[in-house]
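Asks: Mind looking over this structure? Questions follow.
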Amino acid sequence: MSAVPTVSLNDGRSIPQLGFGVFQIEPEKTADAVRTAIEVGYRHLDTAQMYGNEAETGQGVRDSGVDRDQVWITSKLNNGFHRPDDARRSFDETLEKLGTDYVDLFLIHWPLPTRYDGDYVSTWKVLEEFQRDGRARSIGVSNFQVPHLEKLAAETDTVPAVNQIEVHPYFVNEQVRAYGSEHGIATEAWSPIAQGKVLDDPELERIAQDVGKSTAQVTLRWHIQRGDIVFPKSVTRERVEANFDIFDFTLDDRQMQDITALDKGEDGRTGPNPDTFDMIPD
């Protein structure tokens with residue numbers, strides 16, 4: 001089993017740099033997928049209230065036979081529950097669904113600056129409560145832009161441990177990553193292979209051939225060497241294993257630069273823009 005490196009967080013804890021994501025995995029397939037990932041060697045799981053599979057994620061951990069304290073579990077606040085009392089209630093439900101008395105990391109999923117009168121500060125202060133009482137060992141944000149992070153810095157006491165943002169070779173999101181690096185906020189990269197869009201890129205194919213790996217493995221390795229925390233997802237054991245098999249090779253400086261140069265700026269973004277995204281689930 002390859003040793004997964006860890007990233008040190010600003011609260012003194014360390015998170016496995018490679019994890020397993022369950023976004024868009026159907027609930028009925030999630031427990032098996034999680035158990036498989038843990039069998040392969042993953043010890044970091046990323047779920048969310050809006051994914052609808054927290055309970056099955058927790059079941060997969062229990063089915064694996066691995067002790068709870070050996071598995072890092074992240075979840076995220078539903079967009080509909082930003083008001084403080086709603087956030088408290090929904091967090092209780094997250095712990096109940098996961099079948100655990102704490103999560104390793106809890107995030108505000110989206111800042112929603114056009115909702116709730118632009119008030120994500122009061123929401124963040126509730127997450128600070130969860131950390132103080134030990135039910136969220138670490139707390140962070142997701143999809144926060146630099147102005148959103150600056151607002152938290154100006155009005156609250158806790159710097160987010162992580163910011164989970166869209167990052168991949170077609171959208172390197174360097175402004176947000178640089179702010180995080182400067183302020184001790186680790187970057188977690190969602191959509192690390194751009195939902196598959198980068199896999200047929202000729203430059204990645206050339207580099208993959210040179211190092212004897214797949215384009216997906218090369219892309220994940222690029223993230224790892226840049227310091228990103230990644231959690232690719234798959235329900236196919238072969239791909240789950242392949243995504244884990246990225247620690248026996250290294251990209252040289254030129255290869256790293258060539259991949260970074262694939263950046264398309266905003267044109268490369270595959271998901272919503274956090275400045276305008278305002279979806280609240282029914």
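Following the order of the structure tokens, chains are lettered A, B, ..., residues in each are numbered from 1, and ligands are numbered from 1.
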Run DSSP on the backbone and give me the residues of region 31-254 of chain A it puts in strand (DSSP E), as a ChimeraX atom specification.

Replies: /A:44-46,72-77,103-108,136-142,162-166,186-190,229-230

Asks: Could you name the residues that touch Gly41 (chain A) at 12 Å or less, counting only C-alpha atoms, but leaving out those on the same chain fewer than 2 positions away, as a list in words?

Replies: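 Residues meeting the cut-off are Met1, Ser2, Ala3, Val4, Pro16, Leu18, Gly19, Phe20, Val34, Arg35, Thr36, Ala37, Ile38, Glu39, Arg43, His44, Leu45, Ser64, Val66, Gln70, Val71, Arg237, Val240, Glu241, Ala242, Asn243, Phe244 and Asp245 of chain A.
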
Asks: Restricting it to C-alpha atoms, dump the selection as a PDB file, in the first residue's frame.

Replies:
ATOM      1  CA  MET A   1       0.000   0.000   0.000  1.00  0.00           C
ATOM      2  CA  SER A   2       1.378   3.416  -0.938  1.00  0.00           C
ATOM      3  CA  ALA A   3       1.871   5.882   1.882  1.00  0.00           C
ATOM      4  CA  VAL A   4      -0.408   8.875   1.308  1.00  0.00           C
ATOM      5  CA  PRO A  16      -4.469  12.900   4.041  1.00  0.00           C
ATOM      6  CA  LEU A  18      -5.462  12.032  -1.329  1.00  0.00           C
ATOM      7  CA  GLY A  19      -9.031  11.122  -0.500  1.00  0.00           C
ATOM      8  CA  PHE A  20     -12.119   9.546  -2.006  1.00  0.00           C
ATOM      9  CA  VAL A  34     -16.651   3.646   0.310  1.00  0.00           C
ATOM     10  CA  ARG A  35     -15.817   0.176   1.556  1.00  0.00           C
ATOM     11  CA  THR A  36     -13.895  -0.527  -1.655  1.00  0.00           C
ATOM     12  CA  ALA A  37     -11.970   2.745  -1.336  1.00  0.00           C
ATOM     13  CA  ILE A  38     -10.984   1.923   2.226  1.00  0.00           C
ATOM     14  CA  GLU A  39      -9.897  -1.567   1.156  1.00  0.00           C
ATOM     15  CA  ARG A  43      -8.417   7.038   4.672  1.00  0.00           C
ATOM     16  CA  HIS A  44     -10.053  10.321   3.687  1.00  0.00           C
ATOM     17  CA  LEU A  45     -13.692  10.581   2.578  1.00  0.00           C
ATOM     18  CA  SER A  64     -14.940  -1.661   6.230  1.00  0.00           C
ATOM     19  CA  VAL A  66     -11.496   0.110   9.999  1.00  0.00           C
ATOM     20  CA  GLN A  70      -8.473   6.021  11.284  1.00  0.00           C
ATOM     21  CA  VAL A  71     -10.740   7.600   8.650  1.00  0.00           C
ATOM     22  CA  ARG A 237     -12.539  -0.615  -8.443  1.00  0.00           C
ATOM     23  CA  VAL A 240     -10.260   3.623  -7.619  1.00  0.00           C
ATOM     24  CA  GLU A 241      -7.003   1.660  -7.483  1.00  0.00           C
ATOM     25  CA  ALA A 242      -5.454   3.601 -10.378  1.00  0.00           C
ATOM     26  CA  ASN A 243      -6.275   6.935  -8.721  1.00  0.00           C
ATOM     27  CA  PHE A 244      -4.456   5.704  -5.623  1.00  0.00           C
ATOM     28  CA  ASP A 245      -1.409   4.602  -7.619  1.00  0.00           C
TER      29      ASP A 245
END

Asks: Show me, as JSON lines, the residues of region 20-69 of chain A having an atom within 12 Å of region 180-194 of chain A, each with the closest atom pair and its distance in Å, using only C-alpha atoms.

Replies:
{"residue": "A:Phe20", "atom": "CA", "partner": "A:Trp190", "partner_atom": "CA", "distance": 11.0}
{"residue": "A:Gly21", "atom": "CA", "partner": "A:Trp190", "partner_atom": "CA", "distance": 8.9}
{"residue": "A:Val22", "atom": "CA", "partner": "A:Trp190", "partner_atom": "CA", "distance": 11.3}
{"residue": "A:Phe23", "atom": "CA", "partner": "A:Trp190", "partner_atom": "CA", "distance": 9.7}
{"residue": "A:Gln24", "atom": "CA", "partner": "A:Ser191", "partner_atom": "CA", "distance": 11.7}
{"residue": "A:Asp46", "atom": "CA", "partner": "A:Trp190", "partner_atom": "CA", "distance": 10.0}
{"residue": "A:Thr47", "atom": "CA", "partner": "A:Trp190", "partner_atom": "CA", "distance": 11.6}

Asks: Considering only C-alpha atoms, return as a list in words whatever protein or nucleic-acid residues lie within 12 Å of Asn273 (chain A), sequence-local ones (same chain, fewer than 6 positions apart) excluded.

Replies: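 Once the nearby chain positions are removed, what remains is Trp110, Pro111, Leu112, Pro113, Asn143, Phe144, Gln145, Ile165, Glu166, Asn173, Glu266, Asp267 and Met279 of chain A.
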
Asks: Please, which residues of region 95-191 of chain A, numbered as in this document, come out alpha helix (DSSP H) from DSSP, as a VMD selection string?

Replies: chain A and resid 95 to 98 121 to 132 146 to 155 174 to 183

Asks: Pick out the residues sitting within 8 Å of Asp263 (chain A), and hand them over as a list in words; count only C-alpha atoms, and ignore anything fewer than 3 positions along from it in its own chain.

Replies: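 So the residues in contact are Pro169, Tyr170, Phe171, Val172, Ile259, Thr260 and Gly268 of chain A.
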
Asks: Compile the contact shell of Arg89 (chain A) as a list in words: residues with an atom at most 12 Å away, counting only C-alpha atoms, same-chain residues fewer than 5 positions apart removed.

Replies: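 Residues meeting the cut-off are Leu77, Asn78, Gly80, Phe81, His82, Arg83, Pro84, Thr94, Leu95, Glu96, Val126 and Phe130 of chain A.
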
Asks: Find, counting only C-alpha atoms, the residue in A:Val121, A:Asp11, A:Ile280, A:Trp222 that gets nearest to Ala154 (chain A).

Replies: A:Val121

Asks: Kindly indicate which residue among A:Glu26, A:Asp228, A:Asp282, A:Glu54 lies nearest to Glu93 (chain A), using only C-alpha atoms for the distances.

Replies: A:Glu54

Asks: Could you give me, as a PyMOL selection string, the residues within 12 Å of Thr114 (chain A), counting only C-alpha atoms and dropping anything in the same chain fewer than 6 positions from it?

Replies: chain A and resi 79+120+148+274-280

Asks: When distances are computed from only C-alpha atoms, which of A:Glu238, A:Ile229, A:Lys264, A:Gln255 shows the smallest separation from Val198 (chain A)?

Replies: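 Nearest candidate to Val198 (chain A) out of A:Glu238, A:Ile229, A:Lys264, A:Gln255: A:Lys264.
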
Asks: Hey, which of A:Arg177, A:His109, A:Arg269, A:His168 ends up closest to Ile139 (chain A)? Count only C-alpha atoms.

Replies: A:His109

Asks: Suppose you want the space between CA of Val211 (chain A) and CA of Phe249 (chain A); what is it in Å?

Replies: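 The value is 7.5 Å.
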